[in-house]
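K.L.:
One file is attached below, structure01.cif, containing mmCIF, C-alpha atoms (C1' of nucleotides).
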```cif
data_coords
#
loop_
_atom_site.label_atom_id
_atom_site.label_comp_id
_atom_site.auth_asym_id
_atom_site.auth_seq_id
_atom_site.Cartn_x
_atom_site.Cartn_y
_atom_site.Cartn_z
CA MET A 264 -60.52 20.44 40.51
CA PRO A 265 -59.42 21.19 44.02
CA ASP A 266 -56.86 23.94 44.42
CA PRO A 267 -53.16 23.06 44.84
CA GLU A 268 -53.58 22.66 48.59
CA GLY A 269 -56.50 20.27 48.14
CA HIS A 270 -59.41 22.57 48.90
CA PRO A 271 -62.43 21.76 46.73
CA SER A 272 -64.48 24.63 45.39
CA ARG A 273 -67.90 25.17 46.81
CA ASP A 274 -69.70 23.17 44.18
CA GLU A 275 -67.22 20.35 44.20
CA MET A 276 -68.26 19.52 47.72
CA ASP A 277 -70.04 16.21 48.00
CA LEU A 278 -72.46 15.33 50.76
CA ARG A 279 -71.29 11.78 51.14
CA THR A 280 -67.67 12.86 51.42
CA VAL A 281 -68.66 15.40 54.04
CA LEU A 282 -70.65 12.84 56.00
CA SER A 283 -67.73 10.42 55.96
CA ALA A 284 -65.43 13.15 57.16
CA LEU A 285 -67.79 13.95 60.03
CA ALA A 286 -68.32 10.31 60.95
CA ASP A 287 -64.97 10.05 62.69
CA PRO A 288 -65.17 11.09 66.35
CA LEU A 289 -62.00 13.17 66.35
CA ARG A 290 -62.89 14.98 63.17
CA PHE A 291 -66.38 15.65 64.40
CA ARG A 292 -64.91 17.16 67.52
CA VAL A 293 -62.72 19.49 65.49
CA VAL A 294 -65.58 20.66 63.32
CA ALA A 295 -67.97 21.01 66.24
CA ALA A 296 -65.37 23.08 68.08
CA LEU A 297 -64.99 25.36 65.08
CA VAL A 298 -68.74 25.65 64.68
CA ALA A 299 -68.95 26.79 68.29
CA GLU A 300 -66.40 29.55 67.66
CA PRO A 301 -67.38 32.96 66.37
CA GLU A 302 -67.29 33.43 62.62
CA ARG A 303 -63.89 33.47 60.91
CA VAL A 304 -61.88 32.33 63.87
CA GLU A 305 -58.65 30.59 62.98
CA ARG A 306 -57.25 27.94 65.24
CA HIS A 307 -53.97 26.15 65.40
CA CYS A 308 -54.28 22.54 64.34
CA THR A 309 -52.59 21.65 67.59
CA SER A 310 -55.07 23.61 69.69
CA PHE A 311 -57.78 20.97 69.62
CA GLY A 312 -55.90 18.64 71.90
CA LEU A 313 -56.41 15.57 69.76
CA PRO A 314 -54.99 12.54 71.54
CA VAL A 315 -53.00 11.30 68.56
CA SER A 316 -49.56 11.64 67.07
CA LYS A 317 -48.82 14.46 64.72
CA SER A 318 -48.84 12.30 61.62
CA THR A 319 -52.31 11.08 62.49
CA ARG A 320 -53.34 14.67 63.03
CA THR A 321 -52.10 15.57 59.58
CA HIS A 322 -54.18 12.71 58.21
CA HIS A 323 -57.40 13.92 59.84
CA PHE A 324 -56.91 17.53 58.83
CA ARG A 325 -56.28 16.42 55.29
CA ILE A 326 -59.61 14.63 55.20
CA LEU A 327 -61.42 17.66 56.59
CA ARG A 328 -59.70 19.88 54.07
CA GLU A 329 -60.42 17.61 51.12
CA ALA A 330 -64.05 17.35 52.12
CA GLY A 331 -64.21 21.15 52.04
CA LEU A 332 -65.08 21.59 55.69
CA ILE A 333 -62.03 23.59 56.66
CA ARG A 334 -59.55 25.82 54.95
CA GLN A 335 -55.94 25.58 56.01
CA VAL A 336 -53.79 28.62 55.77
CA ASP A 337 -50.05 28.82 56.13
CA ARG A 338 -49.01 31.25 58.81
CA GLY A 339 -45.29 31.22 58.87
CA ASN A 340 -44.13 27.97 60.30
CA SER A 341 -47.53 26.72 61.36
CA ARG A 342 -50.89 26.14 59.83
CA MET A 343 -54.23 27.53 60.92
CA ALA A 344 -57.61 25.93 60.35
CA ARG A 345 -60.75 27.90 59.64
CA LEU A 346 -64.25 26.58 59.13
CA ARG A 347 -65.59 27.20 55.63
CA ARG A 348 -68.82 28.37 57.14
CA GLU A 349 -70.29 30.25 54.22
CA ASP A 350 -69.42 27.59 51.68
CA ILE A 351 -70.86 24.84 53.84
CA GLU A 352 -73.99 26.82 54.52
CA ALA A 353 -74.45 27.58 50.85
CA ARG A 354 -73.92 24.03 49.70
CA PHE A 355 -75.52 22.17 52.60
CA PRO A 356 -77.94 24.53 54.28
CA GLY A 357 -78.75 23.58 57.83
CA LEU A 358 -75.78 21.30 58.33
CA ILE A 359 -73.91 23.72 60.55
CA ALA A 360 -76.99 24.21 62.70
CA LEU A 361 -77.23 20.45 63.20
CA ILE A 362 -73.62 20.26 64.31
CA ALA A 363 -74.04 23.27 66.55
CA GLU A 364 -77.06 21.71 68.16
CA ALA A 365 -75.18 18.49 68.85
CA GLY A 366 -72.40 20.40 70.57
CA VAL A 367 -68.76 19.56 71.09
CA PRO A 368 -68.44 16.03 72.48
CA GLU A 369 -66.38 15.44 75.58
CA PRO A 370 -62.97 13.98 74.74
CA GLN A 371 -63.76 10.66 76.34
CA ASP A 372 -66.75 9.93 74.18
CA ALA A 373 -64.85 10.54 71.12
CA MET B 240 -83.64 2.48 75.79
CA PRO B 241 -84.34 1.27 72.30
CA ASP B 242 -87.43 -0.86 71.88
CA PRO B 243 -87.08 -4.67 71.70
CA GLU B 244 -86.43 -4.53 67.96
CA GLY B 245 -83.68 -1.98 68.42
CA HIS B 246 -85.44 1.20 67.36
CA PRO B 247 -84.28 4.18 69.43
CA SER B 248 -86.88 6.71 70.50
CA ARG B 249 -86.80 10.09 68.89
CA ASP B 250 -84.70 11.72 71.55
CA GLU B 251 -82.29 8.84 71.82
CA MET B 252 -81.12 9.56 68.30
CA ASP B 253 -77.57 10.80 68.12
CA LEU B 254 -76.18 12.90 65.29
CA ARG B 255 -72.84 11.17 65.18
CA THR B 256 -74.45 7.75 65.03
CA VAL B 257 -76.68 8.96 62.23
CA LEU B 258 -73.75 10.40 60.31
CA SER B 259 -71.80 7.17 60.65
CA ALA B 260 -74.79 5.24 59.40
CA LEU B 261 -75.07 7.51 56.39
CA ALA B 262 -71.35 7.43 55.65
CA ASP B 263 -71.51 3.97 54.11
CA PRO B 264 -72.31 4.13 50.39
CA LEU B 265 -74.85 1.30 50.41
CA ARG B 266 -76.67 2.64 53.42
CA PHE B 267 -76.73 6.13 51.97
CA ARG B 268 -78.29 4.72 48.85
CA VAL B 269 -81.03 3.03 50.84
CA VAL B 270 -81.85 6.16 52.80
CA ALA B 271 -81.68 8.40 49.75
CA ALA B 272 -84.04 6.04 47.93
CA LEU B 273 -86.50 6.18 50.80
CA VAL B 274 -86.21 9.96 51.00
CA ALA B 275 -87.12 10.13 47.32
CA GLU B 276 -90.28 8.08 47.91
CA PRO B 277 -93.56 9.63 48.95
CA GLU B 278 -94.22 9.84 52.68
CA ARG B 279 -94.88 6.59 54.55
CA VAL B 280 -93.91 4.25 51.74
CA GLU B 281 -92.74 0.86 52.90
CA ARG B 282 -90.24 -1.06 50.88
CA HIS B 283 -88.97 -4.58 50.98
CA CYS B 284 -85.42 -4.76 52.23
CA THR B 285 -84.62 -6.75 49.11
CA SER B 286 -86.06 -4.13 46.78
CA PHE B 287 -83.05 -1.85 46.89
CA GLY B 288 -80.91 -4.19 44.85
CA LEU B 289 -77.92 -4.02 47.13
CA PRO B 290 -75.04 -5.98 45.61
CA VAL B 291 -74.30 -7.96 48.76
CA SER B 292 -75.25 -11.22 50.38
CA LYS B 293 -78.27 -11.40 52.59
CA SER B 294 -76.30 -11.55 55.81
CA THR B 295 -74.52 -8.35 54.84
CA ARG B 296 -77.86 -6.81 54.03
CA THR B 297 -79.11 -7.70 57.49
CA HIS B 298 -76.04 -6.00 58.92
CA HIS B 299 -76.66 -2.74 57.07
CA PHE B 300 -80.34 -2.61 57.90
CA ARG B 301 -79.54 -3.18 61.53
CA ILE B 302 -77.24 -0.17 61.56
CA LEU B 303 -79.88 1.99 59.91
CA ARG B 304 -82.47 0.78 62.37
CA GLU B 305 -80.28 1.30 65.41
CA ALA B 306 -79.40 4.80 64.24
CA GLY B 307 -83.12 5.54 64.09
CA LEU B 308 -83.24 6.24 60.38
CA ILE B 309 -85.64 3.48 59.45
CA ARG B 310 -88.32 1.48 61.14
CA GLN B 311 -88.57 -2.18 60.27
CA VAL B 312 -91.94 -3.83 60.44
CA ASP B 313 -92.66 -7.53 60.24
CA ARG B 314 -95.07 -8.32 57.50
CA GLY B 315 -95.61 -12.02 57.58
CA ASN B 316 -92.49 -13.70 56.42
CA SER B 317 -90.69 -10.61 55.26
CA ARG B 318 -89.70 -7.31 56.67
CA MET B 319 -90.50 -3.87 55.35
CA ALA B 320 -88.45 -0.74 55.85
CA ARG B 321 -89.95 2.70 56.29
CA LEU B 322 -88.13 5.99 56.70
CA ARG B 323 -88.71 7.61 60.09
CA ARG B 324 -89.26 10.89 58.36
CA GLU B 325 -91.06 12.79 61.09
CA ASP B 326 -88.71 11.69 63.81
CA ILE B 327 -85.66 12.56 61.75
CA GLU B 328 -87.08 15.92 60.81
CA ALA B 329 -87.97 16.69 64.40
CA ARG B 330 -84.60 15.70 65.76
CA PHE B 331 -82.35 16.84 62.91
CA PRO B 332 -84.23 19.48 60.97
CA GLY B 333 -82.98 19.92 57.46
CA LEU B 334 -81.17 16.61 57.24
CA ILE B 335 -83.74 15.01 54.97
CA ALA B 336 -83.64 17.98 52.65
CA LEU B 337 -79.87 17.62 52.36
CA ILE B 338 -80.17 13.97 51.43
CA ALA B 339 -82.97 14.70 49.01
CA GLU B 340 -80.87 17.36 47.36
CA ALA B 341 -77.95 14.98 46.94
CA GLY B 342 -80.17 12.43 45.25
CA VAL B 343 -79.87 8.67 44.96
CA PRO B 344 -76.38 7.74 43.80
CA GLU B 345 -75.95 5.44 40.84
CA PRO B 346 -75.09 1.91 41.92
CA GLN B 347 -71.62 2.09 40.44
CA ASP B 348 -70.57 5.04 42.52
CA ALA B 349 -71.39 3.13 45.51
"C1'" DA C 58 -25.52 28.80 62.46
"C1'" DG C 59 -28.06 25.73 65.23
"C1'" DG C 60 -32.11 24.19 67.76
"C1'" DG C 61 -36.91 23.60 68.20
"C1'" DA C 62 -41.76 23.76 66.90
"C1'" DG C 63 -44.95 22.54 63.46
"C1'" DG C 64 -45.82 19.99 59.26
"C1'" DT C 65 -45.81 16.44 55.45
"C1'" DA C 66 -44.82 11.88 53.13
"C1'" DC C 67 -44.40 7.24 53.25
"C1'" DG C 68 -44.73 2.58 54.83
"C1'" DA C 69 -46.20 -0.58 58.07
"C1'" DA C 70 -48.99 -2.06 62.23
"C1'" DA C 71 -53.33 -2.01 64.56
"C1'" DA C 72 -58.10 -1.58 64.81
"C1'" DA C 73 -62.60 -1.23 62.91
"C1'" DT C 74 -65.80 -2.18 59.35
"C1'" DT C 75 -67.64 -4.69 55.67
"C1'" DT C 76 -68.40 -9.02 53.66
"C1'" DC C 77 -69.48 -13.72 53.25
"C1'" DG C 78 -70.72 -18.63 54.33
"C1'" DT C 79 -73.12 -21.72 57.07
"C1'" DA C 80 -76.64 -23.04 60.12
"C1'" DC C 81 -80.98 -22.16 61.64
"C1'" DC C 82 -85.70 -20.04 62.11
"C1'" DT C 83 -90.41 -18.55 60.54
"C1'" DA C 84 -94.25 -17.78 57.39
"C1'" DA C 85 -96.60 -18.48 52.94
"C1'" DG C 86 -98.04 -21.53 49.32
"C1'" DG C 87 -98.48 -25.58 46.87
"C1'" DC D 145 -96.19 -31.88 54.82
"C1'" DC D 146 -92.60 -30.05 52.26
"C1'" DT D 147 -90.47 -26.50 49.77
"C1'" DT D 148 -89.12 -21.92 49.17
"C1'" DA D 149 -88.40 -17.06 50.19
"C1'" DG D 150 -86.87 -13.90 53.50
"C1'" DG D 151 -84.48 -13.19 57.73
"C1'" DT D 152 -81.17 -13.59 61.76
"C1'" DA D 153 -76.91 -15.14 64.40
"C1'" DC D 154 -72.38 -16.30 64.57
"C1'" DG D 155 -67.64 -16.75 63.22
"C1'" DA D 156 -64.14 -15.94 60.07
"C1'" DA D 157 -62.05 -13.59 55.92
"C1'" DA D 158 -61.32 -9.42 53.39
"C1'" DT D 159 -61.05 -4.66 53.15
"C1'" DT D 160 -60.75 -0.04 54.82
"C1'" DT D 161 -59.55 3.21 58.14
"C1'" DT D 162 -56.96 4.79 61.81
"C1'" DT D 163 -52.67 5.01 63.97
"C1'" DC D 164 -47.87 5.40 64.54
"C1'" DG D 165 -42.77 5.80 63.63
"C1'" DT D 166 -39.22 7.54 60.97
"C1'" DA D 167 -37.22 10.69 57.87
"C1'" DC D 168 -37.26 15.03 56.10
"C1'" DC D 169 -38.66 19.98 55.32
"C1'" DT D 170 -39.44 24.98 56.61
"C1'" DC D 171 -39.75 28.88 59.44
"C1'" DC D 172 -38.84 31.27 63.71
"C1'" DC D 173 -35.85 32.41 67.55
"C1'" DT D 174 -31.59 32.81 70.06
#
```
Could you rewrite the structure in this file as structure tokens?

P.N.:
Amino acid sequence: MPDPEGHPSRDEMDLRTVLSALADPLRFRVVAALVAEPERVERHCTSFGLPVSKSTRTHHFRILREAGLIRQVDRGNSRMARLRREDIEARFPGLIALIAEAGVPEPQDA
Amino acid sequence: MPDPEGHPSRDEMDLRTVLSALADPLRFRVVAALVAEPERVERHCTSFGLPVSKSTRTHHFRILREAGLIRQVDRGNSRMARLRREDIEARFPGLIALIAEAGVPEPQDA
DNA sequence: AGGGAGGTACGAAAAATTTCGTACCTAAGG
DNA sequence: CCTTAGGTACGAAATTTTTCGTACCTCCCT
């Protein structure tokens, strides 16, 4: 069972769920941006500049969280996102390298 | 440019297109089934037992073909599908291993 | 205490994807 | 030659996903 905030444990992660999460252009951009960051970096959910309303943003971050790709941490009145790099690498070895190789898409093609 | 039948060349393959192709449950099943086969096996498009009409089947195989995941070859009056294993491995190393590890889903879960 | 930034939940609208039916084509086999 | 199996193209229906607006909550700051 996922934890109360909806984070699955490492072995609850499912490849098809992860692929669906990454299939959306905005979500891919978020993950690719995190992959390009140094290890353990936390970023504001707002810092990705997604061209959508905040309720849509909540929706996308929920899907990323429930797929196990990111961990969201409460930091006072805002929420930070961190890539679950080790868990992803352990469960789906090589996936992060593939995303890193593809790079962060430009906003317009996504 | 893709060839006349819509197969992209190796370096025209795009990770996001591939991920979108794999995000559909039926298409994932097809690819996972091909991954589980020995190298170079060709299978009838009908042999996967997809629970959809033939026009829908055409649609899904087109998406797989245009993503570069399979190559479709005319064999008289029918068409065979073959995994583009080497191209996929060259362009997205590790991806096939991830799919192989996930296994072929049971029909009911997708 | 009050205002503002950042978030979530919920329901509905909009857009994209999947699905099917029909019509049509080609090749293989009787 | 005719039938049948396997496919494609096109348009429309059904479903899913994305998107947004509104209402509401919490924490920080003044």

K.L.:
Any chance you could work out the residue set of the PyMOL selection byres ((chain B) within 9 of (chain D)) here, as an NGL selection string?

P.N.:
:B and (285 or 293-294 or 297 or 316-318)

K.L.:
Would you kindly report the residues of chain B within 12 Å of chain C, using only C-alpha atoms (C1' of nucleotides), as an MDAnalysis selection string?

P.N.:
chainID B and resid 259:260 262:266 290:299 302 313:318

K.L.:
Give me a file of those residues, with C-alpha atoms, as a PDB file, in the coordinates of the input.

P.N.:
```pdb
ATOM      1  CA  SER B 259     -71.800   7.170  60.650  1.00  0.00           C
ATOM      2  CA  ALA B 260     -74.790   5.240  59.400  1.00  0.00           C
ATOM      3  CA  ALA B 262     -71.350   7.430  55.650  1.00  0.00           C
ATOM      4  CA  ASP B 263     -71.510   3.970  54.110  1.00  0.00           C
ATOM      5  CA  PRO B 264     -72.310   4.130  50.390  1.00  0.00           C
ATOM      6  CA  LEU B 265     -74.850   1.300  50.410  1.00  0.00           C
ATOM      7  CA  ARG B 266     -76.670   2.640  53.420  1.00  0.00           C
ATOM      8  CA  PRO B 290     -75.040  -5.980  45.610  1.00  0.00           C
ATOM      9  CA  VAL B 291     -74.300  -7.960  48.760  1.00  0.00           C
ATOM     10  CA  SER B 292     -75.250 -11.220  50.380  1.00  0.00           C
ATOM     11  CA  LYS B 293     -78.270 -11.400  52.590  1.00  0.00           C
ATOM     12  CA  SER B 294     -76.300 -11.550  55.810  1.00  0.00           C
ATOM     13  CA  THR B 295     -74.520  -8.350  54.840  1.00  0.00           C
ATOM     14  CA  ARG B 296     -77.860  -6.810  54.030  1.00  0.00           C
ATOM     15  CA  THR B 297     -79.110  -7.700  57.490  1.00  0.00           C
ATOM     16  CA  HIS B 298     -76.040  -6.000  58.920  1.00  0.00           C
ATOM     17  CA  HIS B 299     -76.660  -2.740  57.070  1.00  0.00           C
ATOM     18  CA  ILE B 302     -77.240  -0.170  61.560  1.00  0.00           C
ATOM     19  CA  ASP B 313     -92.660  -7.530  60.240  1.00  0.00           C
ATOM     20  CA  ARG B 314     -95.070  -8.320  57.500  1.00  0.00           C
ATOM     21  CA  GLY B 315     -95.610 -12.020  57.580  1.00  0.00           C
ATOM     22  CA  ASN B 316     -92.490 -13.700  56.420  1.00  0.00           C
ATOM     23  CA  SER B 317     -90.690 -10.610  55.260  1.00  0.00           C
ATOM     24  CA  ARG B 318     -89.700  -7.310  56.670  1.00  0.00           C
TER      25      ARG B 318
END
```

K.L.:
When you count only C-alpha atoms, which of these residues is closest to chain B: A:Leu297, A:Met264, A:Leu361, A:Val367?

P.N.:
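Of the candidates, the smallest distance to chain B is held by A:Leu361.
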
K.L.:
Give the residues of chain A that lie within 12 Å of chain B; count all atoms listed in the file, and format the answer as a PyMOL selection string.

P.N.:
chain A and resi 274+276-292+295+351-368+372-373

K.L.:
Hey, what's within 12 Å of Arg334 in chain A if we count all atoms listed in the file and toss same-chain stuff fewer than 2 positions away? As a count of residues only, please?

P.N.:
37

K.L.:
In Å, with one decimal, what is the gap from CA of Glu275 in chain A to CA of Pro301 in chain A?

P.N.:
25.5 Å

K.L.:
Quick one, how far is CA of Pro243 in chain B from CA of Ile309 in chain B?

P.N.:
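Computed distance, CA of Pro243 in chain B to CA of Ile309 in chain B, equals 14.8 Å.
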